[in-house]
Each structure stands twice: as C-alpha cells, then as structure tokens.
Amino acid sequence: MKKRQDYISWDEYFMGVALLSAKRSKDPSTQVGACIVNDKNKIVGAGYNGLPIGCSDDEFPWSKQGDFLDTKYPFVCHAELNAILNNIGMDLKGCKIYTALFPCNECTKAIIQSGITEVVFLSDKYQSTDSAKASRLMLDMAGVRYRKVEAGIDNLVLSFNERDV
C-alpha cells in the first residue's frame, strides 16, 4: 500500500489553522485568524481578532460606524498581534505568520519588531488603503517577505462526528 496522495500542503495546513482560529472571534462583521510557525514547521503562536483579556466582549461595542468610542476599533486586538502576544514564549526570529488578511500597518510594526521574516496571507482586499500601502513599505524596507498563499484546494471540511475519524 502506498501513502495517501490527497493530503494538504504545509501552507494549506497553517492557513487552515489561521482560518480555524478566526472562528473564535466574536466580531460580527470580520473574523480574522493568524498562526505563527517556526522554521521546523511547528506552530508557536495563534490568535484571532478580539478584545484583550479582562475586557468583556458583551460590554464593548462591535459597531463599525459611529463615534470612535462607540465602535470596535479602539478596543479590538488584531489576530496578528494576538498571535505574537500569545506565542509559546520563544523568540520569533525567522518565523512565518499565516494570516487571513494582509496585515494592517500597526500589526506590521509588531511583525517586524518580533523578528518574523515572512507573511503569508489569504486576502488582500484592503490593498488600496493607506494602511496596506504603509505595511508594504515597512515590510519591503525591513526585508520581510510576503506572499499570497497558494492553495490547491478551495475549502476544507472538518467533521466532529466520531465515525468520520
């Protein structure tokens, strides 16, 4: 018997972990996840967009519009930053970060400062924004590679039915 041929690639696996992490987000409009991987393909951090520990997601706003303090923007921690902050306590120098969305300029600063050397993203839907342009300028200047994930699959279905194991 030969090994299975239809297994997923490392990129598909780690982006899948990022997308699965996003399912923990309470944000009603945007769910983003991130996964940090070292040079041995070991996951060393994961995160999703949400409020900081100790801040109730029932008591803070989730709106996208309105007065600044009545929106989610001053309160939500992005997935990339959460993954960096939630890492297993190791130096992230030389690691890759997989993220559902191309990182904003604030997360890009943290990515660069943490020593991550590659960003792999799924969507770049905000590429024309000043934030994304600033991110690219910083990543280029710092020598951090970035690329859109190349997946050979469109979706991946998970089952929690024990007979599927």
# chains A, B, ... in the order shown; residues from 1 in each chain; ligands from 1
>>> select_by_dssp(residues="region 102-156 of chain A", states="helix (DSSP H, G or I)", output="list in words")
Asn105, Glu106, Cys107, Thr108, Lys109, Ala110, Ile111, Ile112, Gln113, Ser114, Asp130, Ser131, Ala132, Lys133, Ala134, Ser135, Arg136, Leu137, Met138, Leu139, Asp140, Met141 and Ala142 of chain A
>>> residues_around(residues="region 21-32 of chain A", least_positions_apart="4", cutoff="8 Å", atoms="only C-alpha atoms", output="list of chain:residue names")
A:Val17, A:Ala46, A:Gly47, A:Tyr48, A:Asn49, A:Gly50, A:Asp57, A:Trp62, A:His78, A:Ala79, A:Thr99, A:Ala100, A:Leu101
>>> residues_around(residues="Glu150 (chain A)", least_positions_apart="3", cutoff="10 Å", atoms="only C-alpha atoms", output="ChimeraX atom specification")
/A:9,11-12,120-122,147,153
>>> atom_distance(atom1="CA of Lys96 (chain A)", atom2="CA of Lys109 (chain A)")
14.7 Å
>>> select_by_dssp(residues="region 10-154 of chain A", states="strand (DSSP E or B)", output="list of chain:residue names")
A:Gly33, A:Ala34, A:Cys35, A:Ile36, A:Val37, A:Ile43, A:Val44, A:Gly45, A:Ala46, A:Gly47, A:Tyr48, A:Gly50, A:Cys77, A:Lys96, A:Ile97, A:Tyr98, A:Thr99, A:Ala100, A:Leu101, A:Glu118, A:Val119, A:Val120, A:Phe121, A:Leu122, A:Ser123, A:Arg145, A:Tyr146, A:Arg147, A:Lys148
